[in-house]
file coords_21.cif (mmCIF, C-alpha atoms; chains and numbers go by the auth columns)
data_coords
#
loop_
_atom_site.group_PDB
_atom_site.id
_atom_site.type_symbol
_atom_site.label_atom_id
_atom_site.label_comp_id
_atom_site.label_asym_id
_atom_site.label_seq_id
_atom_site.Cartn_x
_atom_site.Cartn_y
_atom_site.Cartn_z
_atom_site.B_iso_or_equiv
_atom_site.auth_seq_id
_atom_site.auth_asym_id
ATOM 1 C CA MET A 1 -37.198 -20.049 22.852 0.00 162 O
ATOM 2 C CA ASN A 2 -34.657 -20.536 25.649 0.00 163 O
ATOM 3 C CA VAL A 3 -31.023 -20.686 24.568 0.00 164 O
ATOM 4 C CA VAL A 4 -27.792 -21.586 26.363 0.00 165 O
ATOM 5 C CA ALA A 5 -24.540 -21.116 24.463 0.00 166 O
ATOM 6 C CA ASN A 6 -20.799 -21.311 24.966 0.00 167 O
ATOM 7 C CA VAL A 7 -18.820 -18.370 23.618 0.00 168 O
ATOM 8 C CA LYS A 8 -15.166 -19.030 22.793 0.00 169 O
ATOM 9 C CA ILE A 9 -12.797 -16.078 22.363 0.00 170 O
ATOM 10 C CA ALA A 10 -9.717 -17.081 20.354 0.00 171 O
ATOM 11 C CA ARG A 11 -8.022 -13.685 19.941 0.00 172 O
ATOM 12 C CA GLY A 12 -9.066 -11.754 23.003 0.00 173 O
ATOM 13 C CA THR A 13 -10.122 -12.010 26.622 0.00 174 O
ATOM 14 C CA PHE A 14 -13.411 -12.355 28.432 0.00 175 O
ATOM 15 C CA GLU A 15 -13.147 -8.699 29.449 0.00 176 O
ATOM 16 C CA GLU A 16 -12.617 -7.528 25.846 0.00 177 O
ATOM 17 C CA TRP A 17 -15.540 -9.639 24.664 0.00 178 O
ATOM 18 C CA THR A 18 -17.767 -8.407 27.519 0.00 179 O
ATOM 19 C CA THR A 19 -17.013 -4.775 26.670 0.00 180 O
ATOM 20 C CA PHE A 20 -17.957 -5.444 23.046 0.00 181 O
ATOM 21 C CA TYR A 21 -21.042 -7.535 23.939 0.00 182 O
ATOM 22 C CA ASN A 22 -22.297 -4.901 26.361 0.00 183 O
ATOM 23 C CA SER A 23 -21.863 -2.189 23.720 0.00 184 O
ATOM 24 C CA TYR A 24 -25.035 -3.352 21.973 0.00 185 O
ATOM 25 C CA GLU A 25 -26.959 -4.573 25.039 0.00 186 O
ATOM 26 C CA THR A 26 -29.835 -2.087 24.647 0.00 187 O
ATOM 27 C CA GLU A 27 -30.375 -3.119 21.033 0.00 188 O
ATOM 28 C CA ARG A 28 -30.058 -6.850 21.864 0.00 189 O
ATOM 29 C CA HIS A 29 -32.595 -6.606 24.694 0.00 190 O
ATOM 30 C CA LYS A 30 -35.247 -5.586 22.173 0.00 191 O
ATOM 31 C CA PHE A 31 -35.149 -9.210 20.963 0.00 192 O
ATOM 32 C CA ILE A 32 -34.259 -11.234 24.080 0.00 193 O
ATOM 33 C CA LYS A 33 -35.044 -11.322 27.810 0.00 194 O
ATOM 34 C CA ASP A 34 -33.723 -12.945 30.982 0.00 195 O
ATOM 35 C CA GLU A 35 -30.117 -12.750 29.757 0.00 196 O
ATOM 36 C CA GLN A 36 -27.383 -14.126 31.998 0.00 197 O
ATOM 37 C CA ILE A 37 -23.652 -13.968 31.267 0.00 198 O
ATOM 38 C CA GLU A 38 -21.223 -16.230 33.113 0.00 199 O
ATOM 39 C CA LYS A 39 -17.435 -16.084 32.926 0.00 200 O
ATOM 40 C CA VAL A 40 -16.145 -19.631 32.458 0.00 201 O
ATOM 41 C CA SER A 41 -12.496 -18.679 31.878 0.00 202 O
ATOM 42 C CA GLU A 42 -10.371 -15.870 30.434 0.00 203 O
ATOM 43 C CA VAL A 43 -11.340 -17.058 26.940 0.00 204 O
ATOM 44 C CA MET A 44 -14.812 -18.516 27.415 0.00 205 O
ATOM 45 C CA ALA A 45 -18.263 -17.362 28.502 0.00 206 O
ATOM 46 C CA LYS A 46 -21.611 -19.054 28.920 0.00 207 O
ATOM 47 C CA ILE A 47 -24.723 -17.070 28.062 0.00 208 O
ATOM 48 C CA SER A 48 -28.383 -17.880 28.458 0.00 209 O
ATOM 49 C CA PHE A 49 -31.467 -15.965 27.389 0.00 210 O
ATOM 50 C CA THR A 50 -34.973 -16.258 26.020 0.00 211 O
ATOM 51 C CA ILE A 51 -35.489 -15.128 22.427 0.00 212 O
ATOM 52 C CA THR A 52 -38.593 -12.982 21.993 0.00 213 O
ATOM 53 C CA ASP A 53 -37.991 -11.931 18.344 0.00 214 O
ATOM 54 C CA MET A 54 -35.902 -14.365 16.300 0.00 215 O
ATOM 55 C CA ASP A 55 -35.957 -12.274 13.115 0.00 216 O
ATOM 56 C CA GLY A 56 -34.803 -9.161 14.946 0.00 217 O
ATOM 57 C CA LEU A 57 -32.039 -11.024 16.773 0.00 218 O
ATOM 58 C CA THR A 58 -30.866 -12.676 13.558 0.00 219 O
ATOM 59 C CA LYS A 59 -30.723 -9.314 11.787 0.00 220 O
ATOM 60 C CA LEU A 60 -28.815 -7.725 14.680 0.00 221 O
ATOM 61 C CA SER A 61 -26.363 -10.633 14.958 0.00 222 O
ATOM 62 C CA SER A 62 -25.562 -10.456 11.263 0.00 223 O
ATOM 63 C CA SER A 63 -24.875 -6.720 11.201 0.00 224 O
ATOM 64 C CA PRO A 64 -21.470 -5.844 9.685 0.00 225 O
ATOM 65 C CA ASP A 65 -20.202 -4.060 12.812 0.00 226 O
ATOM 66 C CA ILE A 66 -20.931 -7.037 15.061 0.00 227 O
ATOM 67 C CA LEU A 67 -19.521 -9.567 12.602 0.00 228 O
ATOM 68 C CA LYS A 68 -16.347 -7.502 12.194 0.00 229 O
ATOM 69 C CA GLU A 69 -15.717 -7.318 15.953 0.00 230 O
ATOM 70 C CA GLU A 70 -16.525 -11.010 16.475 0.00 231 O
ATOM 71 C CA ASP A 71 -14.010 -11.826 13.749 0.00 232 O
ATOM 72 C CA ARG A 72 -11.367 -9.588 15.337 0.00 233 O
ATOM 73 C CA LEU A 73 -11.832 -11.311 18.706 0.00 234 O
ATOM 74 C CA GLY A 74 -12.067 -14.785 17.136 0.00 235 O
ATOM 75 C CA VAL A 75 -15.503 -15.392 18.641 0.00 236 O
ATOM 76 C CA THR A 76 -17.300 -18.678 18.018 0.00 237 O
ATOM 77 C CA VAL A 77 -20.651 -19.518 19.544 0.00 238 O
ATOM 78 C CA GLU A 78 -21.843 -23.055 20.217 0.00 239 O
ATOM 79 C CA ILE A 79 -25.506 -23.548 21.139 0.00 240 O
ATOM 80 C CA ILE A 80 -25.540 -26.210 23.854 0.00 241 O
ATOM 81 C CA GLU A 81 -29.223 -26.122 24.825 0.00 242 O
ATOM 82 C CA GLU A 82 -32.500 -24.865 23.398 0.00 243 O
#
call {"tool": "encode", "arguments": {"input": "coords_21.cif", "output": "structure tokens"}}
result
Amino acid sequence: MNVVANVKIARGTFEEWTTFYNSYETERHKFIKDEQIEKVSEVMAKISFTITDMDGLTKLSSSPDILKEEDRLGVTVEIIEE
């Protein structure tokens, strides 16, 4: 499944979010491929990727460490295309 999403960062910057997002890149790439990250502004990113393992990605995305950091940065994700 191909996904395109907008990532909004309410309490941080693109650079802070990117550092966090890249911190679990190896784990994430077990479940997705062809990932592209685009800086839209200081508080917004656009990401696209192909999901290869939905269950694995869902489990990773709901891990307490990731949820805690997303909450700290005020991250919201809006799927704009599938």
call {"tool": "residues_around", "arguments": {"input": "coords_21.cif", "residues": "Met215 in chain O", "least_positions_apart": "5", "cutoff": "10 Å", "atoms": "only C-alpha atoms", "output": "list in words"}}
result
Met162, Phe192, Ile193, Lys220 and Leu221 of chain O
call {"tool": "resolve_selection", "arguments": {"input": "coords_21.cif", "expression": "the PyMOL selection byres ((chain O and resi 201) around 12)", "output": "PDB file with C-alpha atoms, keeping the file's coordinate frame"}}
result
ATOM      1  CA  ALA O 166     -24.540 -21.116  24.463  1.00  0.00           C
ATOM      2  CA  ASN O 167     -20.799 -21.311  24.966  1.00  0.00           C
ATOM      3  CA  VAL O 168     -18.820 -18.370  23.618  1.00  0.00           C
ATOM      4  CA  LYS O 169     -15.166 -19.030  22.793  1.00  0.00           C
ATOM      5  CA  ILE O 170     -12.797 -16.078  22.363  1.00  0.00           C
ATOM      6  CA  THR O 174     -10.122 -12.010  26.622  1.00  0.00           C
ATOM      7  CA  PHE O 175     -13.411 -12.355  28.432  1.00  0.00           C
ATOM      8  CA  GLU O 176     -13.147  -8.699  29.449  1.00  0.00           C
ATOM      9  CA  ILE O 198     -23.652 -13.968  31.267  1.00  0.00           C
ATOM     10  CA  GLU O 199     -21.223 -16.230  33.113  1.00  0.00           C
ATOM     11  CA  LYS O 200     -17.435 -16.084  32.926  1.00  0.00           C
ATOM     12  CA  SER O 202     -12.496 -18.679  31.878  1.00  0.00           C
ATOM     13  CA  GLU O 203     -10.371 -15.870  30.434  1.00  0.00           C
ATOM     14  CA  VAL O 204     -11.340 -17.058  26.940  1.00  0.00           C
ATOM     15  CA  MET O 205     -14.812 -18.516  27.415  1.00  0.00           C
ATOM     16  CA  ALA O 206     -18.263 -17.362  28.502  1.00  0.00           C
ATOM     17  CA  LYS O 207     -21.611 -19.054  28.920  1.00  0.00           C
ATOM     18  CA  ILE O 208     -24.723 -17.070  28.062  1.00  0.00           C
TER      19      ILE O 208
END
call {"tool": "atom_distance", "arguments": {"input": "coords_21.cif", "atom1": "CA of Gly235 in chain O", "atom2": "CA of Ala171 in chain O"}}
result
4.6 Å
call {"tool": "closest_residue", "arguments": {"input": "coords_21.cif", "among": "O:Tyr185, O:Leu218, O:Thr211, O:Lys191", "to": "Glu242 in chain O", "atoms": "only C-alpha atoms"}}
result
O:Thr211
call {"tool": "atom_distance", "arguments": {"input": "coords_21.cif", "atom1": "CA of Gly217 in chain O", "atom2": "CA of Glu177 in chain O"}}
result
24.8 Å
call {"tool": "closest_residue", "arguments": {"input": "coords_21.cif", "among": "O:Asp195, O:Arg233, O:Val238, O:Arg189", "to": "Asp216 in chain O", "atoms": "only C-alpha atoms"}}
result
O:Arg189
call {"tool": "resolve_selection", "arguments": {"input": "coords_21.cif", "expression": "the PyMOL selection byres ((chain O and resi 209) around 6)", "output": "PDB file with C-alpha atoms, keeping the file's coordinate frame"}}
result
ATOM      1  CA  VAL O 164     -31.023 -20.686  24.568  1.00  0.00           C
ATOM      2  CA  VAL O 165     -27.792 -21.586  26.363  1.00  0.00           C
ATOM      3  CA  GLU O 196     -30.117 -12.750  29.757  1.00  0.00           C
ATOM      4  CA  GLN O 197     -27.383 -14.126  31.998  1.00  0.00           C
ATOM      5  CA  ILE O 208     -24.723 -17.070  28.062  1.00  0.00           C
ATOM      6  CA  PHE O 210     -31.467 -15.965  27.389  1.00  0.00           C
TER       7      PHE O 210
END
call {"tool": "atom_distance", "arguments": {"input": "coords_21.cif", "atom1": "CA of Thr213 in chain O", "atom2": "CA of Asp226 in chain O"}}
result
22.4 Å
call {"tool": "residues_around", "arguments": {"input": "coords_21.cif", "residues": "Glu230 in chain O", "least_positions_apart": "5", "cutoff": "10 Å", "atoms": "only C-alpha atoms", "output": "list in words"}}
result
Trp178, Phe181, Tyr182, Pro225, Gly235 and Val236 of chain O
call {"tool": "write_last_selection", "arguments": {"input": "coords_21.cif", "atoms": "C-alpha atoms", "output": "PDB file, in the frame of the given file"}}
result
ATOM      1  CA  TRP O 178     -15.540  -9.639  24.664  1.00  0.00           C
ATOM      2  CA  PHE O 181     -17.957  -5.444  23.046  1.00  0.00           C
ATOM      3  CA  TYR O 182     -21.042  -7.535  23.939  1.00  0.00           C
ATOM      4  CA  PRO O 225     -21.470  -5.844   9.685  1.00  0.00           C
ATOM      5  CA  GLY O 235     -12.067 -14.785  17.136  1.00  0.00           C
ATOM      6  CA  VAL O 236     -15.503 -15.392  18.641  1.00  0.00           C
TER       7      VAL O 236
END
call {"tool": "residues_around", "arguments": {"input": "coords_21.cif", "residues": "Asp232 in chain O", "least_positions_apart": "5", "cutoff": "9 Å", "atoms": "all atoms listed in the file", "output": "ChimeraX atom specification"}}
result
/O:172,227,237
